[in-house]
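This is protein.cif (mmCIF, C-alpha atoms).
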```cif
data_final
#
loop_
_atom_site.label_atom_id
_atom_site.label_comp_id
_atom_site.auth_asym_id
_atom_site.auth_seq_id
_atom_site.Cartn_x
_atom_site.Cartn_y
_atom_site.Cartn_z
CA MET A 1 24.70 12.66 -29.48
CA ILE A 2 25.70 13.55 -25.91
CA GLU A 3 25.61 10.65 -23.44
CA PHE A 4 24.53 11.68 -19.95
CA PRO A 5 25.47 9.48 -16.98
CA ARG A 6 22.62 7.38 -15.67
CA PRO A 7 21.41 8.46 -12.21
CA THR A 8 21.39 5.97 -9.36
CA VAL A 9 17.79 6.76 -8.46
CA THR A 10 14.71 8.13 -10.17
CA VAL A 11 12.22 9.65 -7.78
CA LEU A 12 8.83 9.15 -9.42
CA VAL A 13 6.26 11.56 -7.97
CA ASP A 14 2.67 10.83 -8.94
CA THR A 15 0.34 13.73 -8.25
CA PHE A 16 -3.21 14.92 -8.82
CA ASN A 17 -4.53 18.22 -7.45
CA HIS A 18 -1.88 18.40 -4.74
CA GLU A 19 -1.27 22.16 -4.86
CA ARG A 20 -1.25 22.32 -1.04
CA PHE A 21 1.36 19.60 -0.68
CA VAL A 22 3.46 18.97 -3.78
CA GLU A 23 6.07 21.66 -3.05
CA GLU A 24 6.85 20.06 0.31
CA ALA A 25 7.10 16.65 -1.36
CA ILE A 26 9.63 17.88 -3.96
CA LEU A 27 11.63 19.87 -1.39
CA SER A 28 11.97 16.73 0.73
CA VAL A 29 13.66 15.08 -2.28
CA LEU A 30 15.93 18.04 -3.03
CA GLU A 31 17.00 18.17 0.63
CA GLN A 32 18.06 14.52 0.79
CA ASP A 33 21.57 13.74 2.03
CA PHE A 34 21.96 11.61 -1.12
CA PRO A 35 24.01 13.18 -3.97
CA SER A 36 21.82 15.35 -6.19
CA SER A 37 24.01 14.42 -9.17
CA GLU A 38 22.80 10.81 -8.79
CA THR A 39 19.12 11.74 -8.42
CA GLU A 40 16.52 12.24 -11.14
CA ILE A 41 13.15 13.73 -10.14
CA LEU A 42 10.27 12.86 -12.45
CA VAL A 43 6.80 14.23 -11.68
CA VAL A 44 3.80 12.70 -13.46
CA ASP A 45 0.84 15.04 -13.16
CA ASP A 46 -2.33 12.98 -13.65
CA GLY A 47 -4.48 15.75 -15.12
CA SER A 48 -4.52 18.21 -12.23
CA THR A 49 -7.03 21.05 -12.51
CA ASP A 50 -5.47 23.19 -9.76
CA ARG A 51 -2.06 24.92 -9.51
CA THR A 52 -0.06 21.70 -9.16
CA PRO A 53 1.77 21.90 -12.53
CA GLU A 54 2.51 25.60 -12.00
CA ILE A 55 4.11 24.83 -8.64
CA VAL A 56 6.16 21.95 -10.08
CA ARG A 57 7.50 24.19 -12.88
CA LYS A 58 8.92 26.56 -10.26
CA PHE A 59 11.71 24.04 -9.69
CA GLY A 60 12.96 24.45 -13.25
CA SER A 61 15.49 21.97 -14.62
CA ARG A 62 15.80 20.18 -11.27
CA VAL A 63 12.46 18.48 -11.91
CA ARG A 64 11.11 16.90 -15.08
CA LEU A 65 7.34 17.28 -15.44
CA ILE A 66 5.14 14.97 -17.52
CA ARG A 67 1.49 15.98 -17.86
CA LYS A 68 -1.24 13.57 -18.90
CA THR A 69 -5.02 13.29 -18.87
CA ASN A 70 -6.49 12.00 -15.64
CA GLY A 71 -6.54 8.21 -15.45
CA GLY A 72 -5.47 7.21 -11.95
CA GLN A 73 -2.35 5.80 -10.34
CA ALA A 74 -1.84 2.84 -12.70
CA SER A 75 -1.91 5.06 -15.76
CA ALA A 76 0.54 7.47 -14.09
CA PHE A 77 2.95 4.61 -13.36
CA ASN A 78 2.54 3.18 -16.86
CA VAL A 79 3.62 6.55 -18.26
CA GLY A 80 6.33 7.36 -15.73
CA ILE A 81 8.20 4.08 -15.28
CA PRO A 82 9.35 3.77 -18.94
CA GLU A 83 10.74 7.34 -18.66
CA ALA A 84 12.81 6.60 -15.54
CA ARG A 85 16.59 6.33 -16.02
CA GLY A 86 17.73 5.46 -12.49
CA GLU A 87 18.99 2.06 -11.39
CA PHE A 88 16.09 1.99 -8.96
CA ILE A 89 12.86 3.97 -8.72
CA ALA A 90 11.66 5.45 -5.43
CA TYR A 91 7.94 6.27 -5.48
CA LEU A 92 6.48 9.33 -3.76
CA ASP A 93 2.88 10.54 -3.70
CA GLY A 94 2.53 14.27 -4.22
CA ASP A 95 0.92 14.71 -0.79
CA ASP A 96 3.63 12.90 1.23
CA TRP A 97 7.26 13.69 2.07
CA TRP A 98 10.49 11.97 3.15
CA ALA A 99 13.04 12.01 5.94
CA LYS A 100 16.43 13.34 4.78
CA SER A 101 18.12 9.91 4.81
CA LYS A 102 15.44 8.06 2.81
CA LEU A 103 17.40 7.70 -0.44
CA THR A 104 20.77 7.03 1.20
CA ARG A 105 19.37 4.27 3.38
CA THR A 106 17.53 2.74 0.43
CA ALA A 107 20.55 2.84 -1.91
CA GLU A 108 22.73 1.27 0.79
CA TYR A 109 20.20 -1.53 1.28
CA PHE A 110 20.14 -2.31 -2.44
CA ALA A 111 23.94 -2.28 -2.56
CA ARG A 112 24.25 -4.72 0.37
CA ASN A 113 21.52 -7.04 -0.95
CA PRO A 114 21.85 -7.50 -4.74
CA GLU A 115 19.19 -10.24 -4.73
CA VAL A 116 16.58 -7.82 -3.36
CA GLY A 117 14.51 -5.94 -5.93
CA VAL A 118 11.96 -4.24 -3.66
CA VAL A 119 12.71 -2.23 -0.50
CA GLY A 120 10.15 -0.81 1.93
CA ASN A 121 10.51 1.18 5.14
CA GLY A 122 8.70 2.25 8.29
CA VAL A 123 6.37 5.23 8.19
CA TYR A 124 5.11 8.22 10.15
CA GLU A 125 1.37 8.70 9.59
CA PHE A 126 0.61 12.41 9.95
CA ASP A 127 -3.01 13.49 10.33
CA ASP A 128 -3.41 16.84 8.59
CA LEU A 129 -6.62 17.58 10.52
CA THR A 130 -5.60 16.73 14.10
CA ARG A 131 -1.85 17.41 13.58
CA LYS A 132 -1.09 14.14 15.38
CA SER A 133 1.47 11.59 14.23
CA THR A 134 1.65 7.79 14.57
CA THR A 135 4.77 5.73 13.92
CA THR A 136 4.36 2.36 12.22
CA THR A 137 7.39 0.11 11.76
CA PRO A 138 8.18 -3.54 10.99
CA GLU A 139 9.46 -5.42 14.03
CA ILE A 140 12.26 -7.06 12.07
CA GLU A 141 14.39 -6.44 9.00
CA ARG A 142 14.45 -9.49 6.77
CA THR A 143 14.25 -10.65 3.19
CA ILE A 144 10.91 -11.94 1.90
CA ARG A 145 10.59 -14.36 -1.02
CA PHE A 146 7.49 -16.00 -2.42
CA ASP A 147 8.87 -19.50 -1.82
CA SER A 148 6.85 -20.39 1.30
CA VAL A 149 3.39 -19.84 2.76
CA GLU A 150 5.04 -18.18 5.77
CA ASP A 151 6.68 -15.57 3.55
CA GLY A 152 3.45 -15.09 1.60
CA LYS A 153 1.60 -14.31 4.84
CA LEU A 154 4.45 -12.06 6.01
CA PHE A 155 4.44 -10.03 2.80
CA ARG A 156 0.68 -9.52 3.12
CA GLN A 157 1.14 -8.33 6.71
CA MET A 158 3.98 -6.02 5.66
CA MET A 159 2.18 -4.61 2.61
CA CYS A 160 1.74 -1.28 4.40
CA PHE A 161 5.51 -0.79 4.03
CA PHE A 162 5.56 -1.52 0.29
CA GLY A 163 3.10 1.16 -0.83
CA THR A 164 3.82 4.43 -2.59
CA SER A 165 6.11 6.86 -0.70
CA ARG A 166 7.58 3.90 1.20
CA VAL A 167 8.72 1.57 -1.57
CA ALA A 168 11.63 1.57 -4.02
CA ILE A 169 11.98 -0.96 -6.86
CA ARG A 170 14.81 -1.76 -9.24
CA ARG A 171 14.01 -0.18 -12.58
CA SER A 172 14.41 -3.41 -14.57
CA LEU A 173 11.82 -5.17 -12.41
CA ALA A 174 9.34 -2.29 -12.47
CA ARG A 175 9.50 -2.21 -16.26
CA ARG A 176 9.04 -5.97 -16.42
CA ALA A 177 5.85 -5.66 -14.33
CA LEU A 178 4.23 -3.33 -16.86
CA PRO A 179 1.56 -2.73 -17.92
CA ILE A 180 -0.25 -2.31 -14.63
CA PRO A 181 -4.01 -2.91 -15.08
CA ILE A 182 -5.49 0.47 -15.94
CA GLU A 183 -8.50 -0.19 -13.65
CA LEU A 184 -6.20 0.30 -10.65
CA VAL A 185 -6.90 4.00 -10.25
CA ILE A 186 -5.65 3.47 -6.68
CA GLU A 187 -3.55 0.68 -5.15
CA ALA A 188 -1.44 0.27 -8.31
CA ASP A 189 1.52 0.30 -5.93
CA GLU A 190 0.29 -2.96 -4.36
CA TYR A 191 0.19 -4.67 -7.75
CA LEU A 192 3.62 -3.30 -8.73
CA SER A 193 5.34 -4.24 -5.45
CA THR A 194 3.84 -7.73 -5.39
CA VAL A 195 4.76 -8.58 -8.99
CA SER A 196 8.27 -7.13 -8.60
CA THR A 197 8.80 -9.23 -5.46
CA ALA A 198 7.72 -12.33 -7.39
CA TYR A 199 10.59 -11.59 -9.79
CA SER A 200 13.16 -11.18 -6.99
CA ALA A 201 12.81 -10.62 -3.23
CA ALA A 202 11.68 -7.83 -0.92
CA GLY A 203 13.51 -6.24 1.99
CA LEU A 204 12.49 -4.09 4.95
CA ILE A 205 14.13 -1.11 6.61
CA LYS A 206 12.75 -0.80 10.14
CA ASP A 207 13.25 2.93 10.56
CA PRO A 208 10.43 5.30 9.55
CA LEU A 209 11.71 7.25 6.54
CA THR A 210 8.36 8.34 5.06
CA PHE A 211 5.78 10.87 6.22
CA TYR A 212 2.39 9.65 4.99
CA ARG A 213 -0.19 12.41 5.12
CA LEU A 214 -3.82 11.69 6.08
CA HIS A 215 -6.19 14.35 4.75
CA LEU A 216 -9.76 14.74 3.55
CA ASN A 217 -8.92 14.03 -0.10
CA ASN A 218 -7.04 10.75 0.40
CA LEU A 219 -8.30 8.33 -2.23
CA PHE A 220 -7.87 5.19 -0.11
CA GLN A 221 -7.90 6.18 3.56
CA LEU A 222 -11.39 7.00 4.88
CA ARG A 223 -12.57 9.06 7.84
CA SER A 224 -16.20 8.03 7.36
CA ALA A 225 -18.28 5.54 5.40
CA ASP A 226 -18.15 7.35 2.06
CA LYS A 227 -20.04 4.98 -0.23
CA LEU A 228 -18.47 6.32 -3.42
CA LYS A 229 -14.96 5.77 -2.07
CA LEU A 230 -15.91 2.38 -0.63
CA ARG A 231 -17.30 1.35 -4.03
CA ARG A 232 -14.07 2.40 -5.74
CA ILE A 233 -11.99 0.50 -3.20
CA GLN A 234 -14.14 -2.61 -3.60
CA LYS A 235 -13.78 -2.59 -7.38
CA VAL A 236 -10.03 -2.03 -7.17
CA MET A 237 -9.56 -4.86 -4.67
CA LEU A 238 -11.39 -7.20 -7.03
CA VAL A 239 -9.07 -6.26 -9.90
CA ILE A 240 -5.98 -6.66 -7.70
CA ALA A 241 -7.01 -10.16 -6.64
CA GLU A 242 -7.93 -11.33 -10.14
CA SER A 243 -4.95 -9.80 -11.95
CA LEU A 244 -2.40 -10.91 -9.38
CA ARG A 245 -3.70 -14.49 -9.37
CA THR A 246 -3.11 -14.60 -13.12
CA LYS A 247 0.30 -12.90 -12.95
CA LEU A 248 1.64 -14.95 -10.03
CA ALA A 249 0.47 -18.21 -11.61
CA ALA A 250 2.39 -17.24 -14.78
CA GLU A 251 5.50 -16.82 -12.60
CA CYS A 252 4.95 -20.32 -11.16
CA ILE A 253 4.36 -19.10 -7.61
CA HIS A 254 2.92 -22.02 -5.61
CA PRO A 255 -0.90 -21.85 -5.26
CA ASP A 256 -0.65 -22.01 -1.45
CA VAL A 257 1.61 -18.95 -1.44
CA VAL A 258 -0.76 -17.14 -3.80
CA GLU A 259 -3.62 -17.95 -1.41
CA ALA A 260 -1.63 -16.54 1.51
CA LEU A 261 -1.01 -13.35 -0.46
CA LEU A 262 -4.50 -12.83 -1.86
CA GLY A 263 -6.88 -14.58 0.54
CA PRO A 264 -7.11 -11.54 2.86
CA VAL A 265 -7.69 -9.23 -0.13
CA GLU A 266 -10.58 -11.36 -1.36
CA ILE A 267 -12.12 -11.58 2.12
CA ASN A 268 -12.04 -7.79 2.50
CA ASN A 269 -13.47 -7.41 -0.99
CA LYS A 270 -16.41 -9.70 -0.11
CA ARG A 271 -16.99 -7.79 3.13
CA LEU A 272 -17.19 -4.53 1.23
CA ARG A 273 -19.55 -6.02 -1.34
CA LEU A 274 -21.89 -7.27 1.40
CA THR A 275 -21.68 -3.91 3.19
CA LEU A 276 -22.57 -1.97 0.05
CA ASP A 277 -24.93 -4.30 -1.77
CA GLY A 278 -26.23 -6.68 0.88
CA GLY A 279 -26.71 -10.40 0.32
CA LYS A 280 -27.63 -13.53 2.21
CA PRO A 281 -26.75 -14.06 5.89
CA TRP A 282 -25.06 -17.32 4.86
CA GLU A 283 -22.60 -15.25 2.78
CA THR A 284 -21.67 -13.18 5.82
CA PHE A 285 -21.12 -16.36 7.82
CA GLN A 286 -18.80 -17.78 5.17
CA VAL A 287 -16.75 -14.58 4.93
CA GLU A 288 -16.40 -14.11 8.68
CA ARG A 289 -15.54 -17.78 9.27
CA ALA A 290 -12.84 -17.58 6.59
CA GLU A 291 -11.43 -14.41 8.17
CA SER A 292 -11.44 -16.02 11.61
CA LYS A 293 -9.50 -19.05 10.40
CA LEU A 294 -7.03 -16.81 8.63
CA SER A 295 -6.36 -14.39 11.48
CA HIS A 296 -7.23 -15.90 14.86
CA GLY A 297 -6.08 -19.51 14.78
CA ASN A 298 -4.03 -19.24 18.02
CA SER A 299 -6.47 -17.19 20.09
CA SER A 300 -7.61 -18.08 23.60
CA LEU A 301 -10.47 -20.47 24.26
CA ALA A 302 -12.57 -17.61 25.65
CA TYR A 303 -12.07 -15.55 22.52
CA ARG A 304 -12.96 -18.52 20.33
CA PHE A 305 -16.30 -18.83 22.13
CA PHE A 306 -16.85 -15.10 21.63
CA LYS A 307 -16.09 -15.43 17.92
CA LEU A 308 -18.40 -18.44 17.64
CA ALA A 309 -21.22 -16.38 19.14
CA THR A 310 -20.66 -13.55 16.68
CA LEU A 311 -20.60 -16.04 13.82
CA GLY A 312 -23.98 -17.29 15.00
CA ILE A 313 -25.36 -13.76 14.75
CA THR A 314 -24.36 -13.55 11.08
CA LEU A 315 -26.85 -16.33 10.25
CA PHE A 316 -29.83 -14.29 11.42
CA VAL A 317 -28.94 -10.69 10.49
CA PRO A 318 -28.85 -9.16 6.99
CA PRO A 319 -25.25 -8.42 5.97
CA GLN A 320 -25.65 -4.64 5.82
CA LYS A 321 -27.16 -4.56 9.33
CA TYR A 322 -24.42 -6.85 10.65
CA TYR A 323 -21.61 -4.65 9.32
CA GLN A 324 -23.32 -1.49 10.53
CA PHE A 325 -23.46 -3.02 14.02
CA ARG A 326 -19.85 -4.19 13.72
CA ALA A 327 -18.71 -0.64 12.86
CA TRP A 328 -20.70 0.82 15.77
CA TYR A 329 -19.35 -1.80 18.18
CA GLY A 330 -15.76 -1.08 17.16
CA GLN A 331 -16.18 2.56 18.22
CA SER A 332 -18.31 2.01 21.34
CA ARG A 333 -17.38 1.47 24.98
CA LEU A 334 -18.70 -2.08 24.74
CA ARG A 335 -15.58 -2.88 22.76
CA ARG A 336 -13.54 -2.53 25.96
CA LEU A 337 -15.52 -5.31 27.65
CA ARG A 338 -13.89 -7.86 25.35
CA SER A 339 -10.71 -7.55 27.41
CA VAL A 340 -12.51 -9.62 30.05
CA ILE A 341 -12.75 -12.63 27.76
CA GLY A 342 -9.50 -12.06 25.95
CA GLU A 343 -8.34 -10.45 22.74
CA PRO A 344 -7.47 -12.27 19.52
CA GLU A 345 -3.83 -13.30 19.34
CA ILE A 346 -2.59 -11.88 16.07
CA ARG A 347 1.12 -11.84 15.33
CA SER A 348 1.31 -8.95 12.91
CA GLY A 349 5.04 -8.20 13.04
CA ILE A 350 4.16 -4.48 13.11
CA THR A 351 4.77 -1.92 15.88
CA ARG A 352 2.56 1.18 16.19
CA LEU A 353 3.35 4.03 18.56
#
```

Can you present the structure in this file as structure tokens?
Amino acid sequence: MIEFPRPTVTVLVDTFNHERFVEEAILSVLEQDFPSSETEILVVDDGSTDRTPEIVRKFGSRVRLIRKTNGGQASAFNVGIPEARGEFIAYLDGDDWWAKSKLTRTAEYFARNPEVGVVGNGVYEFDDLTRKSTTTTPEIERTIRFDSVEDGKLFRQMMCFFGTSRVAIRRSLARRALPIPIELVIEADEYLSTVSTAYSAAGLIKDPLTFYRLHLNNLFQLRSADKLKLRRIQKVMLVIAESLRTKLAAECIHPDVVEALLGPVEINNKRLRLTLDGGKPWETFQVERAESKLSHGNSSLAYRFFKLATLGITLFVPPQKYYQFRAWYGQSRLRRLRSVIGEPEIRSGITRL
């Protein structure tokens, strides 16, 4: 039996009906300044019904294609990760692409930091409709461990850098995190990155090395209040919170750290539930008060009075009406008037340009 050398990196491309984009994604891997002899490209096609598999096959032996019935991102990862041979796995959605130095920078980071098992990087968000681009980067490069509430909060804030197309994870840790709950048809990357960090530590590369594409068929990003997509997101967030609480407790992560990691997820899940299904005004008050304590503890006195007034409104308005008004207010000119009384002081650690 012939023994082939193990590649340094497996690029795991998960794709579904990405015929417009998948060629650009694969080309961005083939054009990396990282040695091709140390790179394995594995494409998991999650039951595409368009020309996606045909386009992938054009690359011949340079790309390994695995086809499966449609099941969502978790099922694609559960199939692809056991097949990966690289020392670390870099994840790429079939509708995104990379800067040429993505793999080199990531491999160098792993080599310098053997205790780190998860590496994320800054991102360019490219809007396919408007053709405009926004750069989002972490303000600092540092290691994050789940050994303090501060780091738990920081990881939650930095989660946007540990999603698919931005994150790379050591193969041994990704395999250990399996199986990912099959209900996570989206956001399986959040579960995988969080669990893998619990096993080790996470690191950040400030520079944007990923081009994240916003388009009409994004499964998570929304341009409008699509109730079907919102319902899917709400169900997925519930599974993430419940499954991660169980998994992190099994890894003996302190309950206060777990709360820092998952409290915001559960608040957003409750907001979505009230938006979609309604409820009692008292429920809205509880959710918004919890969010205020979590996010705006150091805000100005004027802003605190403003927030207190809005909390009062929640007690008299049905949840669905309240969140409809909140969405309208966020897009209206009235939103600008809040600068008179002060904005909330939120230290996000993220720069957007």

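Shortest atom-to-atom contact with Arg245 (chain A) among A:Tyr323, A:Tyr191, A:Phe285, A:Phe88: A:Tyr191, counting only C-alpha atoms.
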
Evaluate the PyMOL selection byres ((chain A and resi 67-77) around 6) on the structure here and hand back the selected residues as a PDB file with C-alpha atoms, in the frame of the given file.
```
ATOM      1  CA  VAL A  44       3.800  12.700 -13.460  1.00  0.00           C
ATOM      2  CA  ASP A  45       0.840  15.040 -13.160  1.00  0.00           C
ATOM      3  CA  ASP A  46      -2.330  12.980 -13.650  1.00  0.00           C
ATOM      4  CA  GLY A  47      -4.480  15.750 -15.120  1.00  0.00           C
ATOM      5  CA  ILE A  66       5.140  14.970 -17.520  1.00  0.00           C
ATOM      6  CA  ASN A  78       2.540   3.180 -16.860  1.00  0.00           C
ATOM      7  CA  VAL A  79       3.620   6.550 -18.260  1.00  0.00           C
ATOM      8  CA  GLY A  80       6.330   7.360 -15.730  1.00  0.00           C
ATOM      9  CA  ILE A  81       8.200   4.080 -15.280  1.00  0.00           C
ATOM     10  CA  ILE A 180      -0.250  -2.310 -14.630  1.00  0.00           C
ATOM     11  CA  ILE A 182      -5.490   0.470 -15.940  1.00  0.00           C
ATOM     12  CA  LEU A 184      -6.200   0.300 -10.650  1.00  0.00           C
ATOM     13  CA  VAL A 185      -6.900   4.000 -10.250  1.00  0.00           C
ATOM     14  CA  ILE A 186      -5.650   3.470  -6.680  1.00  0.00           C
ATOM     15  CA  ALA A 188      -1.440   0.270  -8.310  1.00  0.00           C
TER      16      ALA A 188
END
```

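By chain and then residue number, the residues within 10 Å of Gln32 (chain A) are Leu27, Thr39, Trp98, Ala99, Lys100, Ser101, Lys102, Leu103 and Thr104 of chain A, counting all atoms listed in the file and disregarding those fewer than 5 positions away in sequence.
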
Requested in this report: Enumerate, as a list in words, the residues matched when the PyMOL selection byres ((chain A and resi 264-281) around 6) is run on the file above.
Outcome: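 Written out, the selection comes to Gln234, Met237, Leu262, Gly263, Trp282, Glu283, Thr284, Thr314, Leu315, Pro318, Pro319 and Gln320 of chain A.
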
Report task. Using the chain letters and numbers from the file, give me the residues hit by the PyMOL selection byres ((chain A and resi 37) around 12), as a PyMOL selection string. Result -> chain A and resi 4-10+30+32-36+38-41+62+86

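One finds CA of Ala309 (chain A) at 11.5 Å from CA of Arg289 (chain A).
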
Report task. Would you please work out which residue, of A:Arg131, A:Lys321, A:Arg112, A:Arg213, is nearest to Trp97 (chain A) when using only C-alpha atoms? Result ->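 That would be A:Arg213, the residue with the smallest distance to Trp97 (chain A).
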
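The smallest atom-to-atom distance between Pro138 (chain A) and any of A:Phe126, A:Phe162, A:Phe306, A:Phe59, using all atoms listed in the file, is found for A:Phe162.
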
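Counting all atoms listed in the file and comparing A:Leu92, A:Ala202, A:Val118, A:Ile350, the residue that lies closest to Arg171 (chain A) is A:Val118.
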
**Report entry** Distance query Thr143 (chain A) at most 12 Å, all atoms listed in the file, self and fewer than 5 positions along chain excluded, as a list of chain:residue names
**Finding:** A:Tyr109, A:Phe110, A:Arg112, A:Asn113, A:Pro114, A:Glu115, A:Val116, A:Gly117, A:Val118, A:Val119, A:Gly120, A:Asp151, A:Gly152, A:Leu154, A:Phe155, A:Met158, A:Thr197, A:Ser200, A:Ala201, A:Ala202, A:Gly203, A:Leu204, A:Ile205
